[in-house]
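Here's the structure, in structure tokens; my notes come after.
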Amino acid sequence: MTIRNSLKDIPLDKLIMKAQKDDEAALNFLLKNYQPFIAKSVSEVCKRYIDPERDDEYSIGLLAFHEAIRQYSPHKGSSFLTFANLVIKRKVIDYIRFNSKNKVAISLDETFDEEYMESPTEIEAVKEIYQQEQEAWYRRQEILEFKERLATFKLSLHELTEIAPKHRDARDTAVRIARIIQDDQEMSAYVNKKKKLPIKDLAKKVDVSKKTLERNRKFILAIFIVLSEDFVFLKDYLKGVGQ
């Protein structure tokens, strides 16, 4: 029996564990056999067919898949492929954002400098509009991914708008509690596995009653999801909050 055939019979999670333990055969097997998955994930971001042999975006996706193998932990509550899909999309989006800024700056300067030599502000305005359109697209993609993650906790965006604490102090406290959970390995693992708050243990660590924790549990869970995942734009809203 060849190595390839023997590896083919091993469950994905165990293959990941072997690769994480520097099993080169397992790693190469994963990188080769999941090329269609990588190309599909990259294609979903780029909105076009991706050629593994020609497109730079695929190379970024391949590196991201490798990174996902190294970083994956089943205790985070999602399957490896779900996690890898998220990592690939994030890396490709970062790559596109970086290159778009550079290319737009060059192309707009070359196109408009002579025609609008006396109006450099117009050039900057066009660049700004383009950047805003790109940012808006990335934000929409992130919201879609956030909605999918919420669904695994049986939560929805619509529900969050209704149950979010009305007062700023209460919201700040909820965010602080979510940060405490994220920083505690045992509680974080519990939340990811059980999809609920460890109310009793949490009550011992925070100066908030169990009744308040229960009332705000859904909002706290939603913030925990944002903090635990690679949600770049959503995390911006939480900077400095609850710290």
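If you're wondering about the labels, chains in the structure tokens are A, B, ... by order shown, residues count from 1 in each chain, ligands from 1 in order shown.
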In region 23-97 of chain A, what's helix (DSSP H, G or I) per DSSP? Answer as number ranges by chain?
A: 24-33, 35-46, 56-71, 74-76, 80-97
Give one line per residue of region 178-206 of chain A that approaches region 221-225 of chain A to at most 7 Å, naming the two atoms of the closest pair and their distance in Å to one decimal, counting only C-alpha atoms; sort by chain then ascending residue number and deliver it as JSON lines.
```
{"residue": "A:Ala178", "atom": "CA", "partner": "A:Phe224", "partner_atom": "CA", "distance": 5.0}
{"residue": "A:Arg179", "atom": "CA", "partner": "A:Phe224", "partner_atom": "CA", "distance": 6.9}
{"residue": "A:Gln182", "atom": "CA", "partner": "A:Phe224", "partner_atom": "CA", "distance": 6.6}
```
Can those selected residues be exported to a file as a short mmCIF file (atom, residue, chain, number, x, y, z; two decimals), in the first residue's frame so that it contains all heavy atoms?
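Final file, selection_13.cif:
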```cif
data_model
loop_
_atom_site.label_atom_id
_atom_site.label_comp_id
_atom_site.auth_asym_id
_atom_site.auth_seq_id
_atom_site.Cartn_x
_atom_site.Cartn_y
_atom_site.Cartn_z
N ALA A 178 -17.10 39.59 27.67
CA ALA A 178 -16.73 38.78 26.50
C ALA A 178 -15.21 38.68 26.37
O ALA A 178 -14.67 37.63 26.02
CB ALA A 178 -17.32 39.39 25.23
N ARG A 179 -14.52 39.77 26.69
CA ARG A 179 -13.04 39.75 26.63
C ARG A 179 -12.48 38.81 27.70
O ARG A 179 -11.49 38.11 27.47
CB ARG A 179 -12.49 41.17 26.84
CG ARG A 179 -12.79 42.13 25.69
CD ARG A 179 -12.06 43.46 25.90
NE ARG A 179 -12.44 44.45 24.92
CZ ARG A 179 -11.99 44.52 23.68
NH1 ARG A 179 -11.11 43.61 23.26
NH2 ARG A 179 -12.38 45.47 22.86
N GLN A 182 -12.84 35.30 26.43
CA GLN A 182 -11.89 35.02 25.37
C GLN A 182 -10.49 34.78 25.92
O GLN A 182 -9.75 33.93 25.42
CB GLN A 182 -11.85 36.16 24.36
CG GLN A 182 -10.98 35.87 23.14
CD GLN A 182 -10.45 37.13 22.49
OE1 GLN A 182 -10.46 38.21 23.10
NE2 GLN A 182 -9.99 37.01 21.26
#
```
Sorted by chain and rising residue number, which residues of region 51-104 of chain A lie within 12 Å of region 17-37 of chain A, and what are their closest atom pairs and distances in Å to one decimal, counting only C-alpha atoms, as CSV?
```
residue,atom,partner,partner_atom,distance
A:Asp51,CA,A:Pro36,CA,10.2
A:Pro52,CA,A:Gln35,CA,8.0
A:Glu53,CA,A:Gln35,CA,11.1
A:Tyr58,CA,A:Gln35,CA,9.1
A:Ser59,CA,A:Gln35,CA,10.5
A:Gly61,CA,A:Gln35,CA,9.4
A:Leu62,CA,A:Leu31,CA,7.4
A:Leu63,CA,A:Leu31,CA,9.3
A:Ala64,CA,A:Leu31,CA,10.6
A:Phe65,CA,A:Leu31,CA,7.6
A:His66,CA,A:Leu31,CA,7.2
A:Glu67,CA,A:Gln20,CA,10.3
A:Ala68,CA,A:Gln20,CA,10.2
A:Ile69,CA,A:Gln20,CA,6.9
A:Arg70,CA,A:Gln20,CA,5.6
A:Gln71,CA,A:Gln20,CA,8.5
A:Tyr72,CA,A:Gln20,CA,8.9
A:Ser73,CA,A:Met17,CA,9.2
A:Pro74,CA,A:Met17,CA,10.1
A:Phe80,CA,A:Met17,CA,11.0
A:Leu81,CA,A:Phe37,CA,8.7
A:Thr82,CA,A:Phe37,CA,10.9
A:Ala84,CA,A:Phe37,CA,9.5
A:Asn85,CA,A:Phe37,CA,8.4
A:Ile88,CA,A:Phe37,CA,10.2
A:Lys89,CA,A:Phe37,CA,11.9
```
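The shortest atom-to-atom distance to Thr212 (chain A), with only C-alpha atoms taken into account, belongs to A:Ala174 out of A:Val42, A:Ala164, A:Ala174, A:Leu150.
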Excluding same-chain residues fewer than 4 positions from Val206 (chain A), what lies within 9 Å of it counting only C-alpha atoms, as a VMD selection string?
chain A and resid 177 180 202
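Each of A:Asp207, A:Lys218, A:Ser188, A:Leu234 was compared to Lys154 (chain A) using only C-alpha atoms, and A:Lys218 turns out to be the nearest.
The space separating CA of Ile16 (chain A) from CA of Lys194 (chain A) comes to 22.8 Å.
The gap separating CA of Leu238 (chain A) from CA of Asn99 (chain A) is 27.0 Å, in Å to one decimal.
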Which is closest to Ala151 (chain A) among A:Lys195, A:Leu227, A:His75, A:Val208, if we use only C-alpha atoms?
A:Lys195
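Take CA of Val92 (chain A) and CA of Ile143 (chain A): the distance between them is 16.8 Å.
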